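Visitor: I am sharing run-v7.cif, which consists of mmCIF, C-alpha atoms:
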```
data_coords
#
loop_
_atom_site.label_atom_id
_atom_site.label_comp_id
_atom_site.auth_asym_id
_atom_site.auth_seq_id
_atom_site.Cartn_x
_atom_site.Cartn_y
_atom_site.Cartn_z
CA MET V 1 75.98 37.32 178.17
CA ASN V 2 72.74 35.71 177.04
CA THR V 3 72.21 35.42 173.29
CA ILE V 4 69.42 34.24 171.04
CA ASN V 5 70.16 31.62 168.43
CA ALA V 6 70.12 32.04 164.66
CA ASP V 7 66.69 30.46 164.25
CA GLN V 8 65.18 32.84 166.80
CA LEU V 9 66.70 35.90 165.17
CA LEU V 10 65.74 34.97 161.62
CA GLY V 11 62.34 33.78 162.77
CA GLN V 12 61.49 37.19 164.23
CA LEU V 13 62.88 39.05 161.22
CA ASN V 14 60.74 36.88 158.95
CA TRP V 15 57.74 37.45 161.21
CA ARG V 16 58.00 41.24 161.07
CA TYR V 17 56.65 43.27 158.17
CA ALA V 18 55.68 46.87 157.51
CA THR V 19 52.32 46.70 159.24
CA LYS V 20 49.59 48.39 157.25
CA GLN V 21 46.68 47.80 159.63
CA PHE V 22 47.06 48.07 163.39
CA ASP V 23 44.57 46.88 165.98
CA PRO V 24 43.51 50.18 167.64
CA ASN V 25 42.35 48.30 170.74
CA ARG V 26 45.73 46.72 171.57
CA LYS V 27 48.25 48.89 173.36
CA ILE V 28 51.90 48.21 174.15
CA SER V 29 52.46 47.67 177.86
CA ASP V 30 54.38 50.28 179.82
CA GLN V 31 57.11 47.72 180.51
CA ASP V 32 57.56 46.81 176.85
CA TRP V 33 57.53 50.45 175.79
CA ALA V 34 60.16 51.28 178.39
CA THR V 35 62.29 48.50 176.89
CA ILE V 36 61.87 49.94 173.39
CA GLU V 37 62.86 53.40 174.60
CA GLN V 38 65.93 51.95 176.29
CA ALA V 39 66.83 50.15 173.06
CA LEU V 40 66.55 53.46 171.20
CA LEU V 41 68.86 55.09 173.73
CA LEU V 42 71.43 52.39 172.93
CA THR V 43 71.38 53.14 169.19
CA PRO V 44 74.88 53.70 167.78
CA SER V 45 75.69 56.92 165.95
CA SER V 46 78.60 58.50 164.13
CA GLY V 47 81.17 59.49 166.74
CA GLY V 48 78.58 58.68 169.40
CA LEU V 49 77.14 62.17 168.83
CA GLN V 50 73.43 61.21 168.81
CA PRO V 51 72.19 64.19 166.76
CA TRP V 52 68.53 63.33 167.29
CA LYS V 53 65.47 63.42 169.46
CA PHE V 54 62.76 60.77 169.53
CA ILE V 55 59.27 62.31 169.75
CA VAL V 56 56.79 59.74 171.12
CA VAL V 57 53.22 60.74 170.28
CA THR V 58 50.38 58.97 172.09
CA ASP V 59 47.92 61.86 172.52
CA PRO V 60 44.94 61.05 170.25
CA ALA V 61 44.27 64.75 169.61
CA VAL V 62 47.81 65.37 168.38
CA ARG V 63 47.75 62.27 166.22
CA THR V 64 44.46 63.37 164.68
CA LYS V 65 46.16 66.65 163.73
CA LEU V 66 49.04 64.70 162.20
CA LEU V 67 46.77 62.42 160.15
CA PRO V 68 46.23 64.86 157.22
CA ALA V 69 49.98 65.56 157.20
CA SER V 70 50.44 61.78 156.84
CA TYR V 71 48.23 61.57 153.74
CA GLY V 72 45.44 59.96 155.74
CA GLN V 73 47.34 56.77 156.53
CA ALA V 74 45.39 55.02 159.29
CA GLN V 75 48.49 53.69 161.05
CA ILE V 76 49.01 57.18 162.47
CA THR V 77 45.89 57.01 164.63
CA ASP V 78 45.41 53.24 165.00
CA ALA V 79 48.86 52.16 166.20
CA SER V 80 49.64 52.08 169.91
CA HIS V 81 52.54 54.53 169.57
CA LEU V 82 53.88 56.94 166.96
CA VAL V 83 57.58 57.80 166.99
CA VAL V 84 58.91 60.81 165.10
CA PHE V 85 62.66 60.63 164.55
CA ALA V 86 63.81 64.23 164.60
CA ALA V 87 67.31 65.27 163.55
CA LYS V 88 69.26 68.17 164.96
CA LYS V 89 69.57 71.11 162.57
CA ASN V 90 72.87 72.88 161.90
CA PHE V 91 74.97 70.64 164.16
CA SER V 92 77.73 72.82 165.63
CA GLU V 93 80.90 72.95 167.70
CA ALA V 94 78.72 73.71 170.72
CA ASP V 95 76.95 70.39 170.20
CA VAL V 96 80.27 68.57 170.03
CA ASP V 97 81.47 70.33 173.19
CA ALA V 98 78.30 69.37 175.06
CA PHE V 99 78.84 65.75 174.04
CA ILE V 100 82.49 65.85 175.11
CA ARG V 101 81.57 67.25 178.54
CA HIS V 102 78.93 64.56 178.96
CA THR V 103 81.40 61.86 177.91
CA ALA V 104 83.98 63.12 180.41
CA ALA V 105 81.43 63.17 183.22
CA THR V 106 80.08 59.72 182.36
CA ARG V 107 83.51 58.11 182.16
CA GLY V 108 85.10 60.07 184.98
CA VAL V 109 87.91 61.56 182.92
CA PRO V 110 89.10 65.17 182.45
CA VAL V 111 87.59 67.05 179.53
CA GLU V 112 91.14 67.92 178.45
CA SER V 113 91.92 64.22 177.92
CA LEU V 114 89.33 64.17 175.13
CA ALA V 115 90.78 67.14 173.24
CA ALA V 116 92.06 65.06 170.31
CA TYR V 117 88.72 63.28 169.99
CA ARG V 118 86.90 66.60 170.16
CA ASP V 119 89.08 68.09 167.42
CA MET V 120 88.51 65.03 165.21
CA LEU V 121 84.73 65.37 165.54
CA VAL V 122 84.77 69.11 164.89
CA GLY V 123 87.09 68.74 161.91
CA GLY V 124 85.34 65.74 160.39
CA ILE V 125 81.73 66.84 160.83
CA VAL V 126 81.35 70.52 161.67
CA LYS V 127 84.13 72.12 159.66
CA SER V 128 84.23 69.73 156.73
CA MET V 129 80.53 70.14 155.87
CA ASP V 130 78.28 73.08 155.15
CA GLU V 131 74.93 73.38 156.91
CA PRO V 132 72.88 71.39 154.33
CA ALA V 133 75.44 68.57 154.45
CA ARG V 134 75.39 68.50 158.26
CA ASP V 135 71.59 68.39 158.21
CA ALA V 136 71.70 65.47 155.77
CA TRP V 137 74.26 63.72 158.00
CA ALA V 138 71.98 64.11 161.02
CA ARG V 139 68.98 62.77 159.09
CA ASN V 140 71.02 59.73 158.05
CA GLN V 141 71.86 59.09 161.70
CA ALA V 142 68.14 59.06 162.53
CA TYR V 143 67.67 56.16 160.11
CA ILE V 144 70.11 54.08 162.16
CA ALA V 145 67.77 54.58 165.12
CA LEU V 146 64.79 53.62 162.97
CA GLY V 147 66.43 50.33 162.03
CA ASN V 148 67.21 49.65 165.67
CA LEU V 149 63.57 50.27 166.60
CA LEU V 150 62.26 47.90 163.92
CA THR V 151 64.54 45.05 164.98
CA SER V 152 64.08 45.61 168.70
CA ALA V 153 60.29 45.68 168.36
CA ALA V 154 60.31 42.48 166.28
CA LEU V 155 62.38 40.69 168.92
CA LEU V 156 59.71 41.64 171.46
CA GLY V 157 56.90 40.42 169.20
CA ILE V 158 55.70 43.98 168.56
CA ASP V 159 54.76 45.26 165.12
CA ALA V 160 56.06 48.40 163.49
CA CYS V 161 55.86 50.27 160.23
CA PRO V 162 58.58 52.65 158.98
CA MET V 163 57.03 55.58 157.14
CA GLU V 164 58.44 58.30 154.90
CA GLY V 165 55.06 59.28 153.47
CA PHE V 166 54.36 62.39 155.50
CA ASP V 167 54.70 66.15 155.13
CA ARG V 168 57.80 67.00 157.14
CA ALA V 169 57.11 70.73 157.24
CA GLN V 170 53.64 70.18 158.67
CA TYR V 171 54.97 67.72 161.24
CA ASP V 172 57.63 70.22 162.28
CA GLU V 173 54.98 72.91 162.71
CA ILE V 174 52.46 70.78 164.60
CA LEU V 175 55.09 69.37 166.97
CA GLY V 176 56.99 72.65 167.37
CA LEU V 177 60.25 71.12 166.23
CA LYS V 178 61.75 74.14 164.47
CA ALA V 179 61.86 76.11 167.71
CA GLN V 180 63.86 73.25 169.23
CA GLY V 181 66.41 73.27 166.39
CA LEU V 182 65.03 69.97 165.07
CA ALA V 183 63.50 68.67 161.86
CA SER V 184 61.51 65.47 161.36
CA ALA V 185 63.42 62.86 159.37
CA VAL V 186 61.30 59.70 159.37
CA ILE V 187 58.50 58.20 161.47
CA ALA V 188 57.42 54.79 162.69
CA THR V 189 54.11 53.49 163.98
CA VAL V 190 54.35 50.76 166.60
CA GLY V 191 51.74 48.40 168.02
CA TYR V 192 50.02 45.15 167.08
CA ARG V 193 48.78 44.00 163.70
CA ALA V 194 45.09 43.75 162.98
CA SER V 195 43.78 40.30 162.09
CA THR V 196 42.44 41.79 158.85
CA ASP V 197 45.81 42.97 157.56
CA LYS V 198 46.31 40.92 154.41
CA TYR V 199 50.00 41.73 154.30
CA ALA V 200 50.75 39.93 157.56
CA ASN V 201 51.08 36.54 155.84
CA ALA V 202 52.18 37.69 152.41
CA PRO V 203 55.50 36.17 151.27
CA LYS V 204 58.45 38.51 151.72
CA VAL V 205 59.79 39.89 148.45
CA ARG V 206 63.57 40.09 148.57
CA PHE V 207 66.19 39.86 145.85
CA SER V 208 68.41 36.79 145.92
CA LYS V 209 71.64 36.78 147.90
CA GLU V 210 73.55 36.64 144.61
CA GLN V 211 71.98 39.95 143.59
CA VAL V 212 72.39 41.67 146.92
CA PHE V 213 75.80 40.52 148.19
CA ALA V 214 79.28 40.93 146.81
CA HIS V 215 82.30 39.31 148.43
CA PHE V 216 85.93 40.34 148.00
#
```
In structure tokens, what does this structure look like?

Guide:
Amino acid sequence: MNTINADQLLGQLNWRYATKQFDPNRKISDQDWATIEQALLLTPSSGGLQPWKFIVVTDPAVRTKLLPASYGQAQITDASHLVVFAAKKNFSEADVDAFIRHTAATRGVPVESLAAYRDMLVGGIVKSMDEPARDAWARNQAYIALGNLLTSAALLGIDACPMEGFDRAQYDEILGLKAQGLASAVIATVGYRASTDKYANAPKVRFSKEQVFAHF
């Protein structure tokens, strides 16, 4: 296993920031984007259930439609890629069963051998929560994927900006998510910073370790 050292990791995390201005003329290479998508596929989730879909929007016409629903933020149209993290609505026993069948096929084991695991997932997520709670759970899972994207992009020297400032209902309508049983949770723009972005070199503002950490 090849690893990066502590200085490399912290260096890239200090380098990254929520990019406010992207260079519209710089695009992420197909190879680097394929790597980012693979990193997103490897995102962990509760029970491994992956209650999400990642909508990658590169079509300029679609992004122009999304701009007003994003309160006119220029990152939407200027960044190389836009990713909409959509969460599955009303997660159900059928979703758990589909995951269990896929797990059995992937690992070459009988579905019946996963019965206890299946019952734990159904009892802990489907039956123990009402629909609004399951929807909130799925949205929270999408934020794990967002964090993975931000870190993975930074390690590749690619900029990104996590964004909650958008009209979810309009996004869902424009992208046809409701018909797919999905709802937008959060978005991220990904690309390369513009040389004019004043925030690129601004000192990071973080609370002290004493304020943020507690040890027991």

Visitor: Which is closest to V:Lys53 among V:Asn201, V:Gln141, V:Ser152, V:Thr189, if we use only C-alpha atoms?

Guide: V:Gln141

Visitor: Write out, as CSV, each residue of stretch 78-192 of chain V that has an atom at most 8 Å from stretch 30-40 of chain V, together with the closest pair of atoms and their distance in Å to one decimal, counting all atoms listed in the file, rows going by chain and rising number.

Guide:
```
residue,atom,partner,partner_atom,distance
V:Ala145,CA,V:Leu40,CA,6.3
V:Asn148,CA,V:Leu40,CA,6.7
V:Leu149,CA,V:Leu40,CA,6.3
V:Ser152,CA,V:Ile36,CA,6.8
V:Ala153,CA,V:Ile36,CA,6.8
V:Leu156,CA,V:Asp32,CA,7.8
```

Visitor: Could you write out as a PDB file with C-alpha atoms, keeping the file's coordinate frame the residues that the PyMOL selection byres ((chain V and resi 70) around 12) matches in the shown file?

Guide:
```pdb
ATOM      1  CA  ARG V  63      47.750  62.270 166.220  1.00  0.00           C
ATOM      2  CA  THR V  64      44.460  63.370 164.680  1.00  0.00           C
ATOM      3  CA  LYS V  65      46.160  66.650 163.730  1.00  0.00           C
ATOM      4  CA  LEU V  66      49.040  64.700 162.200  1.00  0.00           C
ATOM      5  CA  LEU V  67      46.770  62.420 160.150  1.00  0.00           C
ATOM      6  CA  PRO V  68      46.230  64.860 157.220  1.00  0.00           C
ATOM      7  CA  ALA V  69      49.980  65.560 157.200  1.00  0.00           C
ATOM      8  CA  TYR V  71      48.230  61.570 153.740  1.00  0.00           C
ATOM      9  CA  GLY V  72      45.440  59.960 155.740  1.00  0.00           C
ATOM     10  CA  GLN V  73      47.340  56.770 156.530  1.00  0.00           C
ATOM     11  CA  ALA V  74      45.390  55.020 159.290  1.00  0.00           C
ATOM     12  CA  GLN V  75      48.490  53.690 161.050  1.00  0.00           C
ATOM     13  CA  ILE V  76      49.010  57.180 162.470  1.00  0.00           C
ATOM     14  CA  THR V  77      45.890  57.010 164.630  1.00  0.00           C
ATOM     15  CA  LEU V  82      53.880  56.940 166.960  1.00  0.00           C
ATOM     16  CA  VAL V  84      58.910  60.810 165.100  1.00  0.00           C
ATOM     17  CA  MET V 163      57.030  55.580 157.140  1.00  0.00           C
ATOM     18  CA  GLU V 164      58.440  58.300 154.900  1.00  0.00           C
ATOM     19  CA  GLY V 165      55.060  59.280 153.470  1.00  0.00           C
ATOM     20  CA  PHE V 166      54.360  62.390 155.500  1.00  0.00           C
ATOM     21  CA  ASP V 167      54.700  66.150 155.130  1.00  0.00           C
ATOM     22  CA  ARG V 168      57.800  67.000 157.140  1.00  0.00           C
ATOM     23  CA  ALA V 169      57.110  70.730 157.240  1.00  0.00           C
ATOM     24  CA  GLN V 170      53.640  70.180 158.670  1.00  0.00           C
ATOM     25  CA  TYR V 171      54.970  67.720 161.240  1.00  0.00           C
ATOM     26  CA  VAL V 186      61.300  59.700 159.370  1.00  0.00           C
ATOM     27  CA  ILE V 187      58.500  58.200 161.470  1.00  0.00           C
ATOM     28  CA  ALA V 188      57.420  54.790 162.690  1.00  0.00           C
ATOM     29  CA  THR V 189      54.110  53.490 163.980  1.00  0.00           C
TER      30      THR V 189
END
```

Visitor: When you draw a straight line from atom CA of V:Asp78 to atom CA of V:Asp59, how long is it in Å?

Guide: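 Rounded to one decimal, the two atoms are 11.7 Å apart.
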
Visitor: When distances are computed from all atoms listed in the file, which of V:Ala115, V:Thr196, V:Pro203, V:Ile174 shows the smallest separation from V:Ala61?

Guide: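 Under the stated criterion, the closest residue is V:Ile174.
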
Visitor: Smallest atom-to-atom distance to V:Ala136: which of V:Ala87, V:Ala98, V:Val122, V:Leu9, using all atoms listed in the file?

Guide: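 So, comparing all the options, the nearest one is V:Ala87.
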
Visitor: Which of these, V:Thr43, V:Asn90, V:Ser80, V:Thr106, has the shortest distance to V:Met129 once you count all atoms listed in the file?

Guide: V:Asn90

Visitor: For atom CA of V:Ile55 and atom CA of V:Ser128, determine how far apart the two atoms are, in Å to one decimal place.

Guide: 29.1 Å

Visitor: In Å, rounded to a single decimal, give me how far atom CA of V:Asp197 is from atom CA of V:Arg26.

Guide: 14.5 Å

Visitor: Box in all listed atoms of stretch 149-156 of chain V, axis-aligned, with 5 Å more on each side; write out centre and edge lengths in Å to one decimal as lines of an AutoDock Vina configuration file.

Guide:
```
center_x = 62.1
center_y = 45.5
center_z = 167.7
size_x = 14.8
size_y = 19.6
size_z = 17.5
```

Visitor: When you count all atoms listed in the file, which of these residues is closest to V:Leu150: V:Lys204, V:Phe213, V:Val190, V:Phe85?

Guide: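 So, comparing all the options, the nearest one is V:Val190.
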
Visitor: Pick out the closest residue to V:Arg16 from this set: V:Ala154, V:Ala214, V:Ala183, V:Val205. Count only C-alpha atoms.

Guide: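 Answer, going by the shortest atom-to-atom distance: V:Ala154.
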
Visitor: Determine the residue membership of the PyMOL selection byres ((chain V and resi 192) around 9) for the file above and supply it as a list of chain:residue names.

Guide: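 For this structure, the PyMOL selection byres ((chain V and resi 192) around 9) resolves to V:Thr19, V:Gln21, V:Phe22, V:Asp23, V:Pro24, V:Arg26, V:Lys27, V:Ile28, V:Ala79, V:Ser80, V:Gly157, V:Ile158, V:Asp159, V:Ala160, V:Val190, V:Gly191, V:Arg193, V:Ala194.
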
Visitor: I want to know what sits within 12 Å of V:Arg206, based on all atoms listed in the file, with residues of the same chain fewer than 5 positions away left out; could you give that as a PyMOL selection string?

Guide: chain V and resi 14+211-212

Visitor: Show me, as an MDAnalysis selection string, the residues that have an atom within 12 Å of V:Arg101 when counting all atoms listed in the file, minus same-chain residues fewer than 5 positions from it.

Guide: chainID V and resid 49 94:96 106:115 117:118

Visitor: Run through the PyMOL selection byres ((chain V and resi 137) around 10) on the given coordinates and return the selected residues as a list of chain:residue names.

Guide: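 So the PyMOL selection byres ((chain V and resi 137) around 10), applied here, picks out V:Ser46, V:Pro51, V:Ala87, V:Lys88, V:Lys89, V:Phe91, V:Ile125, V:Met129, V:Glu131, V:Pro132, V:Ala133, V:Arg134, V:Asp135, V:Ala136, V:Ala138, V:Arg139, V:Asn140, V:Gln141, V:Ala142.
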